[in-house]
>>> print(open('target_36.txt').read())   # compact mmCIF, C-alpha atoms
# COMPACT_ATOMS: atom_id res chain seq x y z
CA MET A 584 -0.86 2.19 0.14
CA ARG A 585 1.99 1.40 -2.26
CA VAL A 586 4.24 -1.51 -1.25
CA LEU A 587 7.39 -3.01 -2.77
CA VAL A 588 8.06 -6.69 -2.08
CA VAL A 589 11.75 -7.56 -2.47
CA GLU A 590 12.23 -11.32 -2.18
CA ASP A 591 14.45 -13.51 -4.37
CA HIS A 592 12.43 -16.69 -3.79
CA TRP A 593 9.99 -16.40 -6.67
CA THR A 594 7.19 -18.48 -5.14
CA LEU A 595 7.28 -16.67 -1.79
CA ASN A 596 7.45 -13.33 -3.60
CA ALA A 597 4.37 -14.22 -5.62
CA LEU A 598 2.45 -15.43 -2.55
CA ILE A 599 3.20 -12.28 -0.54
CA THR A 600 2.35 -10.05 -3.50
CA ALA A 601 -0.95 -11.80 -4.22
CA GLY A 602 -1.91 -11.72 -0.55
CA LEU A 603 -1.18 -8.02 -0.11
CA ARG A 604 -3.11 -7.19 -3.27
CA ARG A 605 -6.11 -9.02 -1.80
CA GLU A 606 -5.74 -6.61 1.13
CA ALA A 607 -6.32 -3.71 -1.30
CA MET A 608 -2.67 -2.66 -1.48
CA ALA A 609 -0.87 -1.64 -4.68
CA VAL A 610 2.14 -3.95 -4.82
CA ASP A 611 5.27 -3.95 -6.99
CA THR A 612 7.90 -6.68 -6.88
CA ALA A 613 11.66 -7.12 -7.21
CA LEU A 614 13.70 -10.32 -7.14
CA ASP A 615 17.12 -8.83 -6.35
CA GLY A 616 18.77 -5.79 -4.81
CA HIS A 617 19.60 -4.05 -8.08
CA ALA A 618 15.97 -4.17 -9.25
CA ALA A 619 14.78 -3.00 -5.84
CA LEU A 620 17.00 0.09 -5.87
CA ALA A 621 15.91 0.98 -9.40
CA GLN A 622 12.23 0.82 -8.41
CA ILE A 623 12.76 2.75 -5.18
CA ALA A 624 14.46 5.50 -7.18
CA ALA A 625 11.47 5.73 -9.53
CA THR A 626 8.50 5.29 -7.17
CA ARG A 627 7.57 6.50 -3.70
CA TYR A 628 6.66 3.51 -1.54
CA ASP A 629 4.94 3.58 1.82
CA VAL A 630 6.50 0.26 2.86
CA VAL A 631 9.25 -1.97 1.48
CA VAL A 632 9.04 -5.62 2.52
CA LEU A 633 12.72 -6.50 2.22
CA ASP A 634 14.37 -9.92 2.31
CA ARG A 635 17.75 -9.55 3.98
CA ASP A 636 19.62 -12.20 1.96
CA LEU A 637 19.33 -10.87 -1.58
CA PRO A 638 21.49 -11.56 -4.65
CA GLY A 639 23.15 -8.66 -6.43
CA VAL A 640 22.94 -5.93 -3.80
CA HIS A 641 22.53 -7.39 -0.31
CA GLY A 642 19.37 -6.50 1.60
CA ASP A 643 21.46 -4.73 4.25
CA ASP A 644 22.82 -2.36 1.61
CA VAL A 645 19.35 -1.78 0.13
CA CYS A 646 18.10 -0.86 3.60
CA ARG A 647 21.02 1.51 4.19
CA ARG A 648 20.35 3.31 0.89
CA ILE A 649 16.64 3.68 1.64
CA VAL A 650 17.48 5.26 5.00
CA ALA A 651 20.23 7.45 3.51
CA GLY A 652 17.79 8.70 0.88
CA GLY A 653 15.78 10.41 3.60
CA ALA A 654 12.43 9.20 2.25
CA ASP A 655 9.42 8.43 4.45
CA THR A 656 9.48 4.82 3.25
CA ARG A 657 9.27 2.26 6.05
CA VAL A 658 11.24 -0.99 5.87
CA LEU A 659 10.01 -4.37 7.10
CA MET A 660 12.97 -6.74 6.95
CA LEU A 661 12.48 -10.48 6.43
CA THR A 662 15.06 -13.18 7.08
CA ALA A 663 15.32 -16.89 7.75
CA ALA A 664 17.65 -16.10 10.67
CA GLY A 665 15.54 -15.21 13.69
CA THR A 666 17.94 -14.84 16.61
CA VAL A 667 17.92 -11.76 18.82
CA ARG A 668 21.31 -10.76 17.40
CA ASP A 669 19.95 -10.92 13.86
CA ARG A 670 16.98 -8.75 14.80
CA VAL A 671 19.22 -6.20 16.51
CA GLU A 672 21.52 -6.06 13.47
CA GLY A 673 18.58 -5.57 11.12
CA LEU A 674 17.10 -2.77 13.19
CA SER A 675 20.50 -1.11 13.59
CA LEU A 676 20.68 -0.81 9.80
CA GLY A 677 17.63 1.44 9.91
CA ALA A 678 14.86 -1.11 9.34
CA ASP A 679 11.62 -0.13 11.05
CA ASP A 680 10.53 -3.68 11.83
CA TYR A 681 11.85 -7.20 11.56
CA LEU A 682 9.97 -10.45 10.87
CA PRO A 683 11.69 -13.86 10.89
CA LYS A 684 10.70 -16.59 8.44
CA PRO A 685 8.49 -18.58 8.52
CA PHE A 686 5.80 -16.08 9.47
CA ASP A 687 2.03 -15.94 9.67
CA PHE A 688 0.64 -13.90 6.79
CA SER A 689 -1.88 -12.10 8.98
CA GLU A 690 1.01 -10.84 11.11
CA LEU A 691 2.83 -9.61 8.00
CA VAL A 692 -0.27 -7.66 6.92
CA ALA A 693 -0.69 -6.16 10.39
CA ARG A 694 2.95 -5.05 10.49
CA VAL A 695 2.80 -3.52 7.00
CA ARG A 696 -0.31 -1.54 7.93
CA ALA A 697 1.24 -0.43 11.22
CA LEU A 698 4.34 0.83 9.42
CA ALA A 699 2.26 2.70 6.86
CA ARG A 700 0.46 4.51 9.68
CA ARG A 701 3.83 5.73 10.96
CA SER A 702 4.68 7.52 7.71
CA ALA A 703 4.80 11.31 7.46
CA ASP A 704 1.35 11.28 5.86
CA ALA A 705 -0.15 9.08 8.56
CA VAL A 706 -3.94 9.06 8.66
CA PRO A 707 -6.41 8.17 11.44
CA PRO A 708 -7.14 4.44 11.91
CA THR A 709 -10.75 5.08 10.80
CA LEU A 710 -11.54 7.46 7.93
CA THR A 711 -14.88 9.22 7.88
CA TYR A 712 -16.91 11.77 5.96
CA ASP A 713 -20.48 12.53 6.97
CA ASP A 714 -22.22 9.12 7.20
CA LEU A 715 -19.40 7.32 5.33
CA SER A 716 -16.84 5.36 7.36
CA LEU A 717 -13.86 3.19 6.34
CA ASP A 718 -11.62 1.07 8.56
CA PRO A 719 -8.43 0.11 6.64
CA SER A 720 -7.21 -2.46 9.17
CA ARG A 721 -10.51 -4.38 9.25
CA ARG A 722 -11.15 -3.71 5.55
CA THR A 723 -14.71 -2.60 6.23
CA ALA A 724 -16.64 0.36 4.83
CA THR A 725 -20.14 1.51 5.73
CA ARG A 726 -22.52 4.27 4.75
CA ALA A 727 -25.41 5.23 7.03
CA GLY A 728 -24.73 1.99 8.88
CA ARG A 729 -24.99 -0.09 5.70
CA ARG A 730 -22.04 -2.40 4.97
CA LEU A 731 -20.53 -1.73 1.54
CA ASP A 732 -19.45 -4.68 -0.60
CA LEU A 733 -16.35 -3.24 -2.30
CA SER A 734 -13.75 -4.85 -4.52
CA PRO A 735 -10.08 -4.40 -3.44
CA LYS A 736 -9.59 -1.59 -5.99
CA GLU A 737 -12.82 0.16 -5.01
CA PHE A 738 -11.86 -0.07 -1.35
CA ALA A 739 -8.34 1.25 -1.97
CA LEU A 740 -9.59 4.11 -4.14
CA LEU A 741 -12.13 5.15 -1.49
CA GLU A 742 -9.42 4.94 1.18
CA CYS A 743 -7.14 7.19 -0.88
CA LEU A 744 -9.87 9.79 -1.42
CA LEU A 745 -10.95 9.80 2.24
CA ALA A 746 -7.33 10.11 3.39
CA ALA A 747 -6.98 13.24 1.24
CA ASP A 748 -9.53 14.88 3.59
CA GLY A 749 -11.35 16.87 0.91
CA ARG A 750 -8.28 17.72 -1.15
CA LEU A 751 -8.30 17.12 -4.89
CA VAL A 752 -6.66 13.87 -6.01
CA SER A 753 -5.72 13.59 -9.67
CA ALA A 754 -6.42 10.49 -11.74
CA GLU A 755 -2.65 10.11 -12.16
CA ASP A 756 -2.13 10.07 -8.40
CA LEU A 757 -4.90 7.53 -7.94
CA LEU A 758 -3.38 5.33 -10.64
CA GLU A 759 -0.02 5.47 -8.85
CA ARG A 760 -1.32 4.92 -5.31
CA VAL A 761 -4.06 2.36 -5.95
CA TRP A 762 -2.73 0.36 -8.90
CA ASP A 763 0.85 -0.85 -9.43
CA GLU A 764 3.62 -0.98 -12.01
CA ALA A 765 1.58 -3.26 -14.28
CA ALA A 766 -1.08 -0.58 -14.78
CA ASP A 767 -1.36 1.01 -18.21
CA PRO A 768 -1.00 4.81 -17.77
CA PHE A 769 -3.55 5.31 -20.57
CA THR A 770 -6.14 2.99 -19.03
CA THR A 771 -9.67 4.04 -18.07
CA ALA A 772 -9.42 1.96 -14.89
CA VAL A 773 -9.68 4.99 -12.59
CA LYS A 774 -12.79 6.38 -14.29
CA THR A 775 -14.42 2.94 -14.41
CA THR A 776 -13.68 2.20 -10.75
CA VAL A 777 -14.97 5.61 -9.65
CA ARG A 778 -18.21 4.97 -11.56
CA ARG A 779 -18.72 1.58 -9.89
CA LEU A 780 -17.86 3.02 -6.48
CA ARG A 781 -20.35 5.87 -6.86
CA ALA A 782 -23.09 3.38 -7.67
CA LYS A 783 -22.32 1.39 -4.52
CA LEU A 784 -22.14 4.47 -2.30
CA GLY A 785 -25.57 5.66 -3.46
CA ASP A 786 -27.14 9.08 -2.93
CA PRO A 787 -26.42 11.79 -2.12
CA PRO A 788 -23.16 11.58 -4.09
CA VAL A 789 -19.93 12.12 -2.12
CA ILE A 790 -17.30 11.63 -4.84
CA HIS A 791 -17.12 14.67 -7.07
CA THR A 792 -15.24 15.12 -10.33
CA VAL A 793 -13.31 18.32 -10.99
CA ARG A 794 -12.89 18.76 -14.72
CA GLU A 795 -9.25 18.35 -15.79
CA GLY A 796 -8.37 18.13 -12.10
CA GLY A 797 -9.38 14.84 -10.56
CA TYR A 798 -11.66 13.66 -7.77
CA ARG A 799 -12.42 14.56 -4.19
CA ILE A 800 -14.71 13.63 -1.32
CA GLY A 801 -16.94 16.41 -0.06
CA GLN A 802 -18.88 19.31 -1.47
CA PRO A 803 -18.96 19.82 -5.28
>>> encode(input="target_36.txt", output="structure tokens")
Amino acid sequence: MRVLVVEDHWTLNALITAGLRREAMAVDTALDGHAALAQIAATRYDVVVLDRDLPGVHGDDVCRRIVAGGADTRVLMLTAAGTVRDRVEGLSLGADDYLPKPFDFSELVARVRALARRSADAVPPTLTYDDLSLDPSRRTATRAGRRLDLSPKEFALLECLLAADGRLVSAEDLLERVWDEAADPFTTAVKTTVRRLRAKLGDPPVIHTVREGGYRIGQP
């Protein structure tokens, strides 16, 4: 999934971003409301983790614009104020969930994943093809009962291909959904990660390349 973390406290922003990336998410960051709106206009995000008290454009206004834009993006609002009134106000702005600071990181991850499942392109909690199975919430993948030791990028790429349910996924789409804004659009990262993933999945091969098209799970 693609996530935008909007938090003006640099250290907290970096901690959340690093933690979500370890959970195999593609994460972009913004430190103020203006930057957040610019990135939202340019990229489709599954979830925006949004601090309410932002400089520039206030978090409330960022949330309103996300909702007014009619996108499927879900908003998890963060704030140091945790009263019931604050939560009600945040949700009334159109936020999908609300988490007061300080919070447990495992709860943040669980809420982000839950919001992503509520998007228009929601997928089953467990993704399968033949003897291949992947559980995004537990971050486990198996083939023929054998546990697969996958890197975060390998896991996220496999998740993206399985979620496509046999449809072709271009290298450009994989780069956008699995990597983040720091990725070089001319990189060979997709091809390299697919090669490593194929080796770990073993035979018979399940990831097939369509020349000048992309990749898909299923029959060649």
>>> closest_atom_pairs(input="target_36.txt", of="segment 592-686 of chain A", to="segment 729-748 of chain A", cutoff="8 Å", atoms="all atoms listed in the file", output="Markdown table")
| residue | atom | partner | partner_atom | distance |
| --- | --- | --- | --- | --- |
| A:Arg604 | CA | A:Pro735 | CA | 7.5 |
| A:Arg605 | CA | A:Pro735 | CA | 6.3 |
| A:Glu606 | CA | A:Pro735 | CA | 6.7 |
| A:Ala607 | CA | A:Pro735 | CA | 4.4 |
| A:Met608 | CA | A:Ala739 | CA | 6.9 |
>>> atom_distance(input="target_36.txt", atom1="atom CA of Arg794 of chain A", atom2="atom CA of Asp763 of chain A")
24.5 Å
>>> closest_residue(input="target_36.txt", among="A:Ala782, A:Leu715, A:Leu691, A:Ala699", to="Met584 of chain A", atoms="all atoms listed in the file")
A:Ala699
>>> closest_atom_pairs(input="target_36.txt", of="segment 685-798 of chain A", to="segment 591-600 of chain A", cutoff="12 Å", atoms="all atoms listed in the file", output="CSV")
residue,atom,partner,partner_atom,distance
A:Pro685,CA,A:Leu595,CA,10.6
A:Phe686,CA,A:Ile599,CA,11.0
A:Asp687,CA,A:Ile599,CA,10.9
A:Phe688,CA,A:Ile599,CA,7.9
A:Ser689,CA,A:Ile599,CA,10.8
A:Glu690,CA,A:Ile599,CA,11.9
A:Leu691,CA,A:Ile599,CA,9.0
A:Val692,CA,A:Ile599,CA,9.4
A:Val695,CA,A:Ile599,CA,11.6
A:Asp763,CA,A:Thr600,CA,11.0
>>> write_last_selection(input="target_36.txt", atoms="C-alpha atoms", output="compact mmCIF listing (two decimals), in the coordinates of the input")
# COMPACT_ATOMS: atom_id res chain seq x y z
CA PRO A 685 8.49 -18.58 8.52
CA PHE A 686 5.80 -16.08 9.47
CA ASP A 687 2.03 -15.94 9.67
CA PHE A 688 0.64 -13.90 6.79
CA SER A 689 -1.88 -12.10 8.98
CA GLU A 690 1.01 -10.84 11.11
CA LEU A 691 2.83 -9.61 8.00
CA VAL A 692 -0.27 -7.66 6.92
CA VAL A 695 2.80 -3.52 7.00
CA ASP A 763 0.85 -0.85 -9.43
>>> atom_distance(input="target_36.txt", atom1="atom CA of Ala619 of chain A", atom2="atom CA of Ala697 of chain A")
21.9 Å
>>> residues_near_point(input="target_36.txt", point="(-26.5, 4.9, 4.3)", cutoff="12 Å", atoms="only C-alpha atoms", output="list in words")
Tyr712, Asp713, Asp714, Leu715, Ser716, Ala724, Thr725, Arg726, Ala727, Gly728, Arg729, Arg730, Leu731, Lys783, Leu784, Gly785, Asp786, Pro787, Pro788 and Val789 of chain A
>>> residues_around(input="target_36.txt", residues="Gly677 of chain A", least_positions_apart="2", cutoff="12 Å", atoms="only C-alpha atoms", output="VMD selection string")
chain A and resid 642 to 653 656 to 660 670 to 675 679 to 681
>>> residues_around(input="target_36.txt", residues="Thr792 of chain A", least_positions_apart="3", cutoff="12 Å", atoms="all atoms listed in the file", output="list in words")
Leu744, Arg750, Leu751, Val752, Ser753, Ala754, Val773, Lys774, Val777, Arg778, Arg781, Pro788, Val789, Glu795, Gly796, Gly797, Tyr798, Arg799, Ile800, Gly801, Gln802 and Pro803 of chain A
>>> atom_distance(input="target_36.txt", atom1="atom CA of Val793 of chain A", atom2="atom CA of Pro719 of chain A")
25.8 Å
>>> closest_residue(input="target_36.txt", among="A:His641, A:Val610, A:Arg721, A:Leu587", to="Ile623 of chain A", atoms="only C-alpha atoms")
A:Leu587
>>> closest_residue(input="target_36.txt", among="A:Arg635, A:Arg696, A:Thr709, A:Ile790", to="Gly749 of chain A", atoms="all atoms listed in the file")
A:Ile790
